[in-house]
>>> print(open('entry26.cif').read())   # mmCIF, C-alpha atoms
data_input
#
loop_
_atom_site.label_atom_id
_atom_site.label_comp_id
_atom_site.auth_asym_id
_atom_site.auth_seq_id
_atom_site.Cartn_x
_atom_site.Cartn_y
_atom_site.Cartn_z
CA MET A 13 126.28 135.53 87.00
CA THR A 14 124.46 133.67 89.75
CA ASP A 15 124.42 129.89 89.27
CA THR A 16 120.65 129.57 89.35
CA ALA A 17 118.68 126.45 88.46
CA ALA A 18 117.53 128.22 85.31
CA SER A 19 121.06 129.00 84.14
CA ARG A 20 122.17 125.44 84.83
CA LEU A 21 119.23 124.09 82.83
CA GLY A 22 120.25 126.30 79.96
CA ASP A 23 123.49 124.32 79.72
CA THR A 24 121.81 120.91 80.15
CA PRO A 25 121.84 118.66 77.06
CA ALA A 26 118.41 117.83 75.66
CA GLY A 27 118.90 114.14 76.48
CA ASP A 28 119.60 114.97 80.12
CA LEU A 29 116.49 117.16 80.28
CA SER A 30 114.42 114.32 78.86
CA ALA A 31 115.83 111.94 81.46
CA LEU A 32 115.13 114.49 84.20
CA ARG A 33 111.50 114.90 83.12
CA LYS A 34 111.06 111.13 82.91
CA GLY A 35 112.57 110.76 86.38
CA ASN A 36 110.26 113.43 87.80
CA ARG A 37 107.24 111.74 86.22
CA MET A 38 108.27 108.48 87.83
CA ARG A 39 108.61 110.20 91.22
CA VAL A 40 105.10 111.61 90.91
CA LEU A 41 103.62 108.24 89.91
CA ALA A 42 105.50 106.54 92.76
CA ALA A 43 104.21 109.08 95.31
CA LEU A 44 100.65 108.45 94.14
CA ARG A 45 101.27 104.71 94.39
CA ASP A 46 102.76 104.96 97.90
CA TYR A 47 100.36 107.48 99.46
CA GLY A 48 97.23 107.31 97.31
CA PRO A 49 95.20 110.22 95.91
CA GLN A 50 96.43 113.60 97.18
CA SER A 51 96.38 117.32 96.48
CA GLN A 52 98.95 118.91 94.19
CA LYS A 53 100.31 120.80 97.21
CA ASP A 54 100.94 117.56 99.12
CA LEU A 55 102.36 115.94 96.01
CA ALA A 56 104.82 118.82 95.53
CA ALA A 57 106.01 118.46 99.13
CA ARG A 58 106.45 114.70 98.81
CA VAL A 59 108.49 114.74 95.60
CA LYS A 60 110.28 117.99 96.51
CA LEU A 61 109.28 119.93 93.40
CA SER A 62 107.75 123.39 93.18
CA GLN A 63 103.98 123.64 92.89
CA ALA A 64 104.43 125.15 89.43
CA SER A 65 106.53 122.16 88.36
CA ILE A 66 103.97 119.76 89.79
CA SER A 67 101.16 121.58 88.00
CA ASN A 68 103.00 121.18 84.69
CA MET A 69 103.84 117.55 85.44
CA VAL A 70 100.24 116.72 86.31
CA ALA A 71 99.09 118.38 83.08
CA GLU A 72 101.49 116.15 81.12
CA LEU A 73 100.35 113.02 82.95
CA LEU A 74 96.72 113.96 82.32
CA GLU A 75 97.49 114.24 78.62
CA LEU A 76 99.05 110.77 78.76
CA ASP A 77 95.99 109.43 80.67
CA GLN A 78 98.21 108.30 83.55
CA VAL A 79 96.48 110.34 86.27
CA THR A 80 93.04 111.83 86.90
CA LEU A 81 91.99 115.06 88.59
CA THR A 82 88.88 115.37 90.74
CA GLU A 83 87.62 118.45 92.54
CA ARG A 84 87.07 118.37 96.29
CA VAL A 85 85.55 120.98 98.59
CA ASP A 86 86.61 120.94 102.25
CA ARG A 87 86.41 124.55 103.50
CA ARG A 88 88.16 125.39 100.24
CA ARG A 89 88.10 124.11 96.69
CA TYR A 90 91.08 122.05 95.50
CA LYS A 91 91.99 119.26 93.10
CA ILE A 92 92.96 115.68 94.02
CA VAL A 93 95.43 113.79 91.82
CA SER A 94 94.97 110.01 91.46
CA LEU A 95 96.54 107.29 89.38
CA SER A 96 94.46 106.57 86.29
CA GLY A 97 92.20 103.53 86.27
CA ARG A 98 93.65 102.79 82.83
CA LEU A 99 96.87 101.54 84.41
CA GLY A 100 95.30 98.31 85.60
CA LEU A 101 93.14 96.57 88.19
CA VAL A 102 94.05 95.48 91.70
CA LEU A 103 92.38 92.81 93.85
CA GLY A 104 92.22 92.96 97.63
CA ILE A 105 91.46 89.73 99.50
CA GLY A 106 90.78 89.66 103.23
CA VAL A 107 90.56 86.21 104.83
CA ASP A 108 89.75 85.80 108.52
CA HIS A 109 88.24 83.21 110.83
CA GLN A 110 84.63 84.06 109.92
CA LYS A 111 84.51 85.47 106.39
CA ILE A 112 86.26 86.26 103.13
CA ASP A 113 86.01 89.74 101.58
CA VAL A 114 87.20 90.47 98.04
CA VAL A 115 87.31 93.88 96.36
CA LEU A 116 88.32 94.87 92.85
CA GLY A 117 89.46 98.39 92.03
CA ASN A 118 92.05 100.46 90.23
CA LEU A 119 95.46 101.72 91.32
CA ALA A 120 93.75 104.69 92.98
CA CYS A 121 91.83 102.14 95.11
CA GLU A 122 88.48 103.16 93.65
CA ILE A 123 86.25 100.12 94.15
CA TYR A 124 84.50 98.64 91.11
CA GLN A 125 83.18 95.37 92.56
CA SER A 126 83.08 93.57 95.92
CA ARG A 127 82.03 90.13 97.11
CA SER A 128 81.86 88.45 100.54
CA MET A 129 81.09 85.04 101.97
CA SER A 130 80.98 83.48 105.41
CA THR A 131 83.49 80.80 106.38
CA SER A 132 83.66 78.25 109.17
CA PRO A 133 86.47 76.84 111.32
CA GLU A 134 86.11 73.53 109.47
CA LEU A 135 87.36 75.01 106.17
CA THR A 136 90.97 74.26 105.31
CA PRO A 137 93.30 77.04 104.09
CA ILE A 138 93.11 75.66 100.54
CA GLU A 139 89.30 75.67 100.64
CA MET A 140 89.35 79.30 101.80
CA LEU A 141 91.75 80.29 99.03
CA LYS A 142 89.61 78.49 96.43
CA SER A 143 86.59 80.44 97.66
CA ALA A 144 88.58 83.68 97.44
CA VAL A 145 89.50 82.91 93.82
CA THR A 146 85.84 82.27 92.99
CA LEU A 147 84.86 85.64 94.50
CA ALA A 148 87.71 87.34 92.64
CA GLU A 149 86.57 85.86 89.33
CA GLU A 150 83.02 87.07 90.04
CA CYS A 151 84.36 90.59 90.70
CA ILE A 152 86.35 90.64 87.46
CA ALA A 153 83.39 89.38 85.42
CA GLY A 154 81.04 91.80 87.18
CA ALA A 155 83.28 94.71 86.15
CA GLY A 156 83.26 93.52 82.54
CA ARG A 157 87.03 93.04 82.59
CA LYS A 158 89.48 90.21 81.92
CA PRO A 159 91.77 88.41 84.41
CA ALA A 160 94.74 89.76 82.44
CA ASP A 161 93.70 93.30 83.48
CA VAL A 162 94.65 92.50 87.10
CA VAL A 163 98.21 93.71 87.78
CA ALA A 164 98.46 93.04 91.52
CA VAL A 165 96.70 91.16 94.30
CA GLY A 166 96.82 91.95 98.01
CA LEU A 167 96.13 89.03 100.36
CA SER A 168 95.50 89.60 104.06
CA LEU A 169 95.58 86.75 106.59
CA PRO A 170 95.05 86.74 110.38
CA SER A 171 98.56 85.44 111.03
CA PRO A 172 101.97 86.89 111.90
CA ILE A 173 103.72 87.67 108.61
CA ALA A 174 107.11 89.23 107.95
CA GLY A 175 105.65 91.38 105.21
CA PRO A 176 104.53 92.83 103.03
CA ALA A 177 106.28 90.61 100.52
CA THR A 178 105.77 88.12 97.71
CA ALA A 179 107.88 85.35 99.21
CA VAL A 180 107.04 85.13 102.93
CA GLU A 181 104.68 82.64 104.51
CA PRO A 182 102.15 82.88 107.36
CA ALA A 183 103.50 81.92 110.75
CA PHE A 184 100.69 79.73 112.03
CA PRO A 185 101.02 75.96 111.53
CA GLN A 186 97.78 75.42 109.60
CA TRP A 187 99.21 77.52 106.75
CA TRP A 188 102.74 76.09 106.68
CA SER A 189 102.16 73.61 103.84
CA VAL A 190 99.92 75.88 101.77
CA HIS A 191 102.23 78.60 100.33
CA PRO A 192 99.32 81.02 99.64
CA VAL A 193 101.36 83.52 97.61
CA GLN A 194 102.50 80.91 95.10
CA TRP A 195 99.09 79.23 95.10
CA LEU A 196 97.21 82.44 94.27
CA THR A 197 99.83 83.63 91.77
CA ALA A 198 99.40 80.40 89.79
CA ARG A 199 95.62 80.81 89.66
CA LEU A 200 95.21 84.57 89.24
CA GLY A 201 98.26 85.21 87.06
CA ALA A 202 99.24 88.42 88.84
CA ARG A 203 101.78 89.50 91.43
CA VAL A 204 100.49 88.60 94.92
CA VAL A 205 101.54 90.49 98.05
CA LEU A 206 100.82 88.98 101.46
CA ASP A 207 100.42 90.91 104.70
CA ASN A 208 98.88 90.66 108.12
CA ALA A 209 95.21 91.60 108.62
CA ALA A 210 96.08 94.23 111.23
CA TYR A 211 98.40 95.98 108.78
CA ALA A 212 95.76 95.88 106.06
CA ALA A 213 93.34 97.54 108.49
CA THR A 214 96.04 100.06 109.37
CA MET A 215 96.63 100.94 105.73
CA ALA A 216 92.89 101.48 105.24
CA GLU A 217 92.60 103.71 108.33
CA TRP A 218 95.66 105.68 107.18
CA ARG A 219 94.30 106.27 103.69
CA TRP A 220 90.61 106.78 104.44
CA GLY A 221 89.87 106.63 108.17
CA ALA A 222 90.94 107.86 111.60
CA GLY A 223 94.64 107.85 110.66
CA ARG A 224 94.17 110.10 107.65
CA GLY A 225 96.83 112.83 107.57
CA CYS A 226 98.66 111.41 110.62
CA SER A 227 102.37 110.53 110.33
CA ASP A 228 102.67 108.49 113.55
CA PHE A 229 99.95 106.28 114.98
CA LEU A 230 99.11 102.81 116.23
CA ASN A 231 96.04 101.03 114.88
CA VAL A 232 94.67 98.18 117.02
CA THR A 233 92.08 95.66 115.86
CA VAL A 234 90.25 93.61 118.50
CA ALA A 235 88.17 90.79 117.03
CA ASP A 236 88.89 87.05 116.76
CA GLY A 237 92.45 88.03 117.59
CA ILE A 238 94.21 91.23 118.64
CA GLY A 239 96.60 92.81 116.18
CA ALA A 240 98.28 96.15 115.70
CA GLY A 241 99.82 98.07 112.84
CA PHE A 242 102.29 100.92 113.16
CA VAL A 243 102.70 104.03 111.04
CA LEU A 244 105.96 105.70 112.06
CA ALA A 245 107.48 108.75 110.36
CA ASN A 246 104.84 108.52 107.62
CA ARG A 247 105.65 104.90 106.78
CA ILE A 248 104.00 101.58 107.54
CA TYR A 249 106.48 99.95 109.91
CA HIS A 250 106.78 96.15 110.20
CA GLY A 251 109.96 96.14 112.29
CA GLY A 252 113.51 95.42 111.22
CA LEU A 253 112.85 91.69 111.03
CA GLY A 254 109.27 92.01 109.83
CA GLY A 255 106.23 90.62 111.59
CA GLY A 256 105.83 93.50 114.04
CA GLY A 257 102.53 94.48 115.60
CA GLU A 258 101.64 91.14 117.24
CA ILE A 259 100.34 92.87 120.33
CA GLY A 260 97.86 90.05 120.98
CA HIS A 261 100.81 87.78 121.69
CA VAL A 262 102.32 89.98 124.36
CA VAL A 263 102.43 87.78 127.48
CA VAL A 264 100.41 89.50 130.21
CA GLU A 265 100.34 86.59 132.68
CA PRO A 266 103.57 84.57 132.40
CA GLY A 267 102.90 80.90 133.03
CA GLY A 268 99.17 81.52 133.44
CA GLY A 269 96.07 81.52 131.32
CA GLN A 270 95.23 79.26 128.42
CA ARG A 271 97.72 78.09 125.83
CA CYS A 272 97.66 80.46 122.86
CA ARG A 273 97.53 79.40 119.22
CA CYS A 274 101.01 80.94 118.87
CA GLY A 275 102.42 78.32 121.26
CA ASN A 276 102.89 80.53 124.34
CA SER A 277 100.66 80.78 127.39
CA GLY A 278 99.25 83.89 129.05
CA CYS A 279 99.06 86.00 125.86
CA LEU A 280 96.79 89.06 125.82
CA GLU A 281 94.72 87.37 123.13
CA THR A 282 93.85 84.45 125.44
CA PHE A 283 92.10 86.90 127.78
CA ALA A 284 90.89 89.84 125.69
CA SER A 285 90.08 88.59 122.18
CA LEU A 286 86.37 88.23 121.39
CA PRO A 287 86.42 84.39 121.49
CA ALA A 288 88.18 84.48 124.88
CA MET A 289 85.74 87.01 126.34
CA LEU A 290 82.74 85.10 125.00
CA ARG A 291 84.05 81.86 126.50
CA THR A 292 84.58 83.56 129.88
CA ALA A 293 81.03 84.94 129.78
CA GLN A 294 79.53 81.56 128.96
CA GLU A 295 81.51 79.90 131.76
CA ALA A 296 80.08 82.55 134.12
CA GLY A 297 76.53 81.68 133.06
CA ALA A 298 75.78 84.39 130.49
CA ARG A 299 73.25 83.25 127.88
CA VAL A 300 75.09 84.53 124.83
CA THR A 301 76.24 82.46 121.86
CA THR A 302 77.89 84.93 119.47
CA HIS A 303 80.34 87.80 119.75
CA GLU A 304 77.61 90.22 118.76
CA GLU A 305 75.19 88.95 121.41
CA PHE A 306 77.92 89.18 124.04
CA LEU A 307 78.85 92.76 123.13
CA ASP A 308 75.22 93.86 122.85
CA ALA A 309 74.53 92.39 126.29
CA ALA A 310 77.45 94.34 127.74
CA VAL A 311 76.13 97.58 126.24
CA ALA A 312 72.64 96.77 127.58
CA GLY A 313 74.08 96.44 131.09
CA ASP A 314 74.23 92.66 131.62
CA ALA A 315 76.40 92.45 134.74
CA VAL A 316 78.53 89.47 133.65
CA CYS A 317 79.17 90.66 130.10
CA LEU A 318 79.75 94.27 131.13
CA ASP A 319 82.27 93.24 133.78
CA ILE A 320 84.22 91.13 131.28
CA VAL A 321 84.28 93.82 128.58
CA THR A 322 85.42 96.54 130.99
CA ARG A 323 88.04 94.32 132.66
CA GLU A 324 89.58 93.07 129.42
CA SER A 325 89.39 96.46 127.71
CA HIS A 326 91.30 97.86 130.69
CA ARG A 327 93.86 95.08 130.19
CA ILE A 328 94.26 96.00 126.51
CA GLY A 329 94.66 99.65 127.48
CA SER A 330 97.41 98.76 129.95
CA VAL A 331 99.43 97.03 127.22
CA LEU A 332 98.88 99.97 124.88
CA GLY A 333 100.06 102.38 127.58
CA SER A 334 103.38 100.55 127.72
CA VAL A 335 103.66 100.61 123.92
CA ALA A 336 102.92 104.35 123.89
CA SER A 337 105.65 104.97 126.46
CA LEU A 338 108.13 103.35 124.05
CA LEU A 339 106.96 104.82 120.73
CA SER A 340 105.03 107.99 121.64
CA PRO A 341 102.53 107.85 118.74
CA THR A 342 100.23 110.78 118.07
CA ARG A 343 97.12 108.60 118.03
CA ILE A 344 96.05 105.14 119.08
CA ILE A 345 93.10 103.92 117.01
CA ILE A 346 90.86 101.13 118.29
CA GLY A 347 88.80 99.09 115.83
CA GLY A 348 87.52 95.62 115.05
CA THR A 349 84.44 93.88 116.37
CA LEU A 350 84.99 95.36 119.84
CA ALA A 351 83.90 98.71 118.39
CA ARG A 352 80.33 97.38 118.56
CA ALA A 353 80.59 97.97 122.32
CA SER A 354 82.73 101.09 122.12
CA SER A 355 80.46 103.00 124.51
CA VAL A 356 81.61 100.74 127.37
CA ALA A 357 84.90 99.34 126.01
CA LEU A 358 86.61 102.58 125.03
CA PRO A 359 86.29 104.36 128.42
CA ALA A 360 87.67 101.26 130.19
CA LEU A 361 90.49 100.96 127.67
CA ARG A 362 91.37 104.63 128.16
CA ARG A 363 91.52 104.11 131.93
CA GLY A 364 93.87 101.16 131.49
CA PHE A 365 95.98 103.24 129.13
CA ALA A 366 96.18 106.15 131.58
CA ASP A 367 97.18 103.79 134.40
CA ALA A 368 100.11 102.37 132.38
CA VAL A 369 101.48 105.16 130.18
CA ILE A 370 104.41 107.15 131.55
CA PRO A 371 102.80 110.12 133.37
CA THR A 372 105.62 112.52 132.50
CA MET A 373 105.05 112.19 128.75
CA PRO A 374 104.72 115.84 127.57
CA VAL A 375 101.69 115.13 125.38
CA GLN A 376 99.51 112.05 125.76
CA PRO A 377 98.41 110.22 122.60
CA ALA A 378 94.74 110.49 121.69
CA VAL A 379 92.96 107.13 122.06
CA ILE A 380 90.16 107.18 119.50
CA GLU A 381 87.75 104.85 117.72
CA ALA A 382 88.42 103.59 114.19
CA GLU A 383 86.27 105.06 111.45
CA LEU A 384 86.15 102.02 109.15
CA ASN A 385 84.61 98.58 109.64
CA GLU A 386 86.29 95.21 109.26
CA ALA A 387 85.41 94.98 105.56
CA SER A 388 88.08 97.65 105.10
CA ILE A 389 90.75 94.94 105.56
CA ALA A 390 90.28 93.82 101.94
CA VAL A 391 90.50 97.44 100.78
CA GLY A 392 93.65 97.86 102.85
CA ALA A 393 95.08 94.71 101.25
CA MET A 394 94.39 96.24 97.85
CA ALA A 395 96.21 99.44 98.87
CA ILE A 396 99.18 97.41 100.16
CA ALA A 397 99.39 95.57 96.82
CA THR A 398 99.35 98.87 94.95
CA ALA A 399 102.00 100.42 97.20
CA SER A 400 104.19 97.32 96.76
CA LEU A 401 104.33 97.54 92.96
CA PRO A 402 108.01 97.96 91.98
CA ASP A 403 108.95 101.18 90.18
CA GLU A 404 109.78 99.27 87.01
CA ASP A 405 106.34 97.63 86.98
CA LEU A 406 104.63 100.98 87.52
CA LEU A 407 106.69 102.52 84.72
CA GLN A 408 105.79 99.66 82.38
CA LEU A 409 102.09 100.04 83.21
CA SER A 410 102.27 103.78 82.54
CA GLN A 411 103.80 103.18 79.11
CA ARG A 412 101.45 100.53 77.81
CA GLY A 413 98.50 101.49 75.70
CA GLY A 414 94.78 100.91 76.15
#
>>> encode(input="entry26.cif", output="structure tokens")
Amino acid sequence: MTDTAASRLGDTPAGDLSALRKGNRMRVLAALRDYGPQSQKDLAARVKLSQASISNMVAELLELDQVTLTERVDRRRYKIVSLSGRLGLVLGIGVDHQKIDVVLGNLACEIYQSRSMSTSPELTPIEMLKSAVTLAEECIAGAGRKPADVVAVGLSLPSPIAGPATAVEPAFPQWWSVHPVQWLTARLGARVVLDNAAYAATMAEWRWGAGRGCSDFLNVTVADGIGAGFVLANRIYHGGLGGGGEIGHVVVEPGGGQRCRCGNSGCLETFASLPAMLRTAQEAGARVTTHEEFLDAAVAGDAVCLDIVTRESHRIGSVLGSVASLLSPTRIIIGGTLARASSVALPALRRGFADAVIPTMPVQPAVIEAELNEASIAVGAMAIATASLPDEDLLQLSQRGG
């Protein structure tokens, strides 16, 4: 008789079958944690089970209130599987140089509440974290929930971080004595995961934006700084030592330019970040005082502002061309505040990219605009916190009542 899976199962002890089913359930829950809501077909491919087995497994998990099913129509009708909101709440906190965004949602990253506030350069890291906690408490109260319902917190900072992790620290000096992970854990009572703002933006674009369905891409955010996040082989990639993606600190003029906040001189960020471009415009006589005014003036055709945006966008594109020659991503996604002037910035960036990328590359990556705005960083931080939940924590959440 042929040794089929069915015949082998016939000889499997009941205890082993129970363990197998439990293991398969855990694999399904973990796939939903790692990749977010998805179709049963995609889920079957990810956990390497037949679609019939996945259908049965999803039915069991629905009965246990551990997943939800929603119908979606996109040329065809199909069902999307998500982790149940019953499993717990997740906070996403995005802190940058100008504002703090906080979102509260479930493990499927469905948003229940959100809060934002402006910040200023005079605020200390502790003051910013205290403000973030206040916004988080407002979100929890606004959702009619308790702090104990929060099972994970994602914190995003505009600093090189060897993450995501619960024990690393930001790289920039102003944060060295703060220990934000421990500080927030003590006040929110939940597991806190720290990551770089560019990677939070990358996670958001991968789940819901221009990187959706793409297994290899580079997401670049140009705002107060310049950061990048990599998705390689369907995984967020931080590098073997962590802290990858610091494209803004690539030295483009060795020994030249202003001293960068990282300690080097001549970094891309000292020329092509929004503060650097605004400063250059003001020194050239442009009557602009904010990033938005500067970018709007460039779009309107102001000669000084337009020249700076096109020149520095070309410079960014040149760096990205070199990166693409090394990694050969399918897409390069450009986002951040610079997107406000995408009509002039993106063509110049593409020209710089074309001038630098290896011309013999069989297929050139598509250089496209991001679909999400900067508020998505907090949502991305929430998704990173969810994806970082250990299997044992996810299993415990799935087994608790209520």
>>> atom_distance(input="entry26.cif", atom1="atom CA of A:Ser132", atom2="atom CA of A:Lys111")
7.8 Å
>>> resolve_selection(input="entry26.cif", expression="the PyMOL selection byres ((chain A and resi 242) around 12)", output="PyMOL selection string")
chain A and resi 208+210-215+217-218+223+226-233+239-241+243-251+254-259+335-336+339-345
>>> resolve_selection(input="entry26.cif", expression="the PyMOL selection byres ((chain A and resi 209) around 12)", output="PyMOL selection string")
chain A and resi 104-109+112-113+166-173+175-176+182+206-208+210-216+231-241+255+257-258+348+386-394+396
>>> resolve_selection(input="entry26.cif", expression="the PyMOL selection byres ((chain A and resi 330-332) around 6)", output="mmCIF file with C-alpha atoms, keeping the file's coordinate frame")
data_model
loop_
_atom_site.group_PDB
_atom_site.id
_atom_site.type_symbol
_atom_site.label_atom_id
_atom_site.label_comp_id
_atom_site.auth_asym_id
_atom_site.auth_seq_id
_atom_site.Cartn_x
_atom_site.Cartn_y
_atom_site.Cartn_z
ATOM 1 C CA ARG A 327 93.860 95.080 130.190
ATOM 2 C CA ILE A 328 94.260 96.000 126.510
ATOM 3 C CA GLY A 329 94.660 99.650 127.480
ATOM 4 C CA GLY A 333 100.060 102.380 127.580
ATOM 5 C CA SER A 334 103.380 100.550 127.720
ATOM 6 C CA VAL A 335 103.660 100.610 123.920
ATOM 7 C CA GLY A 364 93.870 101.160 131.490
ATOM 8 C CA PHE A 365 95.980 103.240 129.130
ATOM 9 C CA ALA A 368 100.110 102.370 132.380
#
>>> residues_around(input="entry26.cif", residues="A:Glu404", least_positions_apart="6", cutoff="12 Å", atoms="only C-alpha atoms", output="tab-separated table (two decimals) with C-alpha atoms, in the coordinates of the input")
chain	number	residue	atom	x	y	z
A	35	GLY	CA	112.57	110.76	86.38
A	38	MET	CA	108.27	108.48	87.83
A	39	ARG	CA	108.61	110.20	91.22
A	41	LEU	CA	103.62	108.24	89.91
A	42	ALA	CA	105.50	106.54	92.76
A	410	SER	CA	102.27	103.78	82.54
A	411	GLN	CA	103.80	103.18	79.11
>>> residues_near_point(input="entry26.cif", point="(94.5, 94.7, 87.4)", cutoff="10 Å", atoms="all atoms listed in the file", output="ChimeraX atom specification")
/A:97-103,116-119,152,157-165,202-203,398
>>> residues_around(input="entry26.cif", residues="A:Gly154", least_positions_apart="3", cutoff="10 Å", atoms="all atoms listed in the file", output="list in words")
Leu116, Tyr124, Gln125, Ser126, Ala148, Glu149, Glu150, Cys151 and Arg157 of chain A
>>> closest_residue(input="entry26.cif", among="A:Ser337, A:Ala298, A:Val321, A:Gly48", to="A:Val375", atoms="only C-alpha atoms")
A:Ser337
>>> closest_residue(input="entry26.cif", among="A:Leu73, A:Glu305, A:Leu44, A:Lys142", to="A:Ala120", atoms="only C-alpha atoms")
A:Leu44
>>> atom_distance(input="entry26.cif", atom1="atom CA of A:Val145", atom2="atom CA of A:Ala399")
21.8 Å
>>> axis_aligned_box(input="entry26.cif", around="stretch 334-349 of chain A", padding_each_side="3 Å", output="AutoDock Vina command-line options")
--center_x 96.3 --center_y 102.3 --center_z 121.4 --size_x 29.7 --size_y 22.9 --size_z 18.7
>>> atom_distance(input="entry26.cif", atom1="atom CA of A:Arg271", atom2="atom CA of A:Ser354")
27.7 Å
>>> residues_around(input="entry26.cif", residues="A:Ala43", least_positions_apart="5", cutoff="8 Å", atoms="all atoms listed in the file", output="ChimeraX atom specification")
/A:48,55,58-59
>>> closest_residue(input="entry26.cif", among="A:Leu406, A:Ala312, A:Gln52, A:Cys279", to="A:Ala64", atoms="only C-alpha atoms")
A:Gln52
